[in-house]
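Quick notes on the structure that follows.
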Amino acid sequence: MNYEVRVAHQAAAYYYRLLDRRSQRAVVRKLSQAAQDPRGSWMKPVQNAEGRFTTLVGSWRLVFTIDHPAARVNVSVLRPRVGLINSA
């Protein structure tokens with residue numbers, strides 16, 4: 001079962017404005033992977049943030065939630081990987 005991937009406005013803005021083409025392709029591959037297997041070994045839970053998960057794509061961090069009943073992955077944060085989880 002494939003999940004739908006929804007990207008928050010802020011994450012989309014980072015994607016279009018700050019990522020180079022190579023990083024954009026890597027993010028798309030990771031989101032495709034998330035759509036096919038949202039509970040894969042490539043992600044880890046965010047500490048002190050129930051229900052949120054994170055993964056790295058190069059020097060970028062994706063933070064997302066998984067809505068199993070709706071079959072949806074909601075990407076809330078896409079930023080450089082230094083200390084960003086608490087800002088979302």
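Identifiers for the structure tokens are assigned positionally: chains receive A, B, ... in sequence, residues are indexed from 1 per chain, and ligands are indexed from 1 in the order shown.
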
Please return as a VMD selection string: the residues of chain A that backbone DSSP assigns to helix (DSSP H, G or I).
chain A and resid 9 to 18 21 to 36 85 to 87

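From CA of Arg52 in chain A back to CA of Gln24 in chain A, the distance works out to 22.1 Å.
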
List every residue of chain A that DSSP, applied to the backbone of this structure, places in strand (DSSP E or B), and write the result as a PyMOL selection string.
chain A and resi 4-7+44-45+52-57+60-67+72-80

Point-to-point distance from CA of Ala12 in chain A to CA of Gln47 in chain A, Å rounded to tenths
24.0 Å

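Distances here use only C-alpha atoms; by that measure, the residue among A:Tyr16, A:Thr55, A:Glu50, A:Asp67 closest to Arg81 in chain A is A:Thr55.
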
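For the set A:Val82, A:Val77, A:Val57, A:Ala70, the residue with the smallest atom-to-atom gap to Arg29 in chain A is A:Val57, counting only C-alpha atoms.
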
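The protein and nucleic acid residues lying at most 12 Å from Ala34 in chain A are Met1, Asn2, Tyr3, Glu4, Val5, Arg6, Val27, Val28, Arg29, Arg39, Gly40, Ser41, Trp42, Met43, Phe53, Thr54, Thr55, Leu62, Val63, Phe64, Thr65, Ile66, Ala71, Arg72, Val73, Asn74 and Val75 of chain A, with only C-alpha atoms considered and sequence neighbours fewer than 5 positions away removed.
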
With only C-alpha atoms as the counted atoms, please give the residues lying no more than 9 Å from Gly58 in chain A, apart from itself and same-chain residues fewer than 2 positions off, as a PyMOL selection string.
chain A and resi 23+26-27+56+60-61+81

The selected residues should be written to file as a PDB file, in the first residue's frame (atoms: N, CA and C atoms).
```pdb
ATOM      1  N   SER A  23      20.346  17.564  -4.318  1.00  0.00           N
ATOM      2  CA  SER A  23      19.654  17.400  -3.039  1.00  0.00           C
ATOM      3  C   SER A  23      18.151  17.239  -3.243  1.00  0.00           C
ATOM      4  N   ALA A  26      17.485  13.712  -4.168  1.00  0.00           N
ATOM      5  CA  ALA A  26      17.645  12.835  -2.995  1.00  0.00           C
ATOM      6  C   ALA A  26      16.423  12.925  -2.082  1.00  0.00           C
ATOM      7  N   VAL A  27      15.883  14.121  -1.899  1.00  0.00           N
ATOM      8  CA  VAL A  27      14.691  14.293  -1.069  1.00  0.00           C
ATOM      9  C   VAL A  27      13.493  13.589  -1.714  1.00  0.00           C
ATOM     10  N   LEU A  56      17.599  11.691   7.724  1.00  0.00           N
ATOM     11  CA  LEU A  56      18.558  12.591   7.088  1.00  0.00           C
ATOM     12  C   LEU A  56      18.628  12.306   5.598  1.00  0.00           C
ATOM     13  N   TRP A  60      20.541  17.508   5.045  1.00  0.00           N
ATOM     14  CA  TRP A  60      19.199  18.011   5.331  1.00  0.00           C
ATOM     15  C   TRP A  60      18.444  17.019   6.205  1.00  0.00           C
ATOM     16  N   ARG A  61      17.556  17.546   7.039  1.00  0.00           N
ATOM     17  CA  ARG A  61      16.751  16.724   7.931  1.00  0.00           C
ATOM     18  C   ARG A  61      15.282  16.870   7.539  1.00  0.00           C
ATOM     19  N   ARG A  81      20.578  20.138   8.881  1.00  0.00           N
ATOM     20  CA  ARG A  81      20.451  19.190   9.980  1.00  0.00           C
ATOM     21  C   ARG A  81      20.872  19.691  11.355  1.00  0.00           C
TER      22      ARG A  81
END
```

Just give me the gap between CA of Asp37 in chain A and CA of Leu19 in chain A in Å, one decimal is fine.
24.3 Å

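Proximity of A:Pro69, A:Leu78, A:Lys44, A:Pro38 to Ala13 in chain A, computed with only C-alpha atoms, is greatest for A:Leu78.
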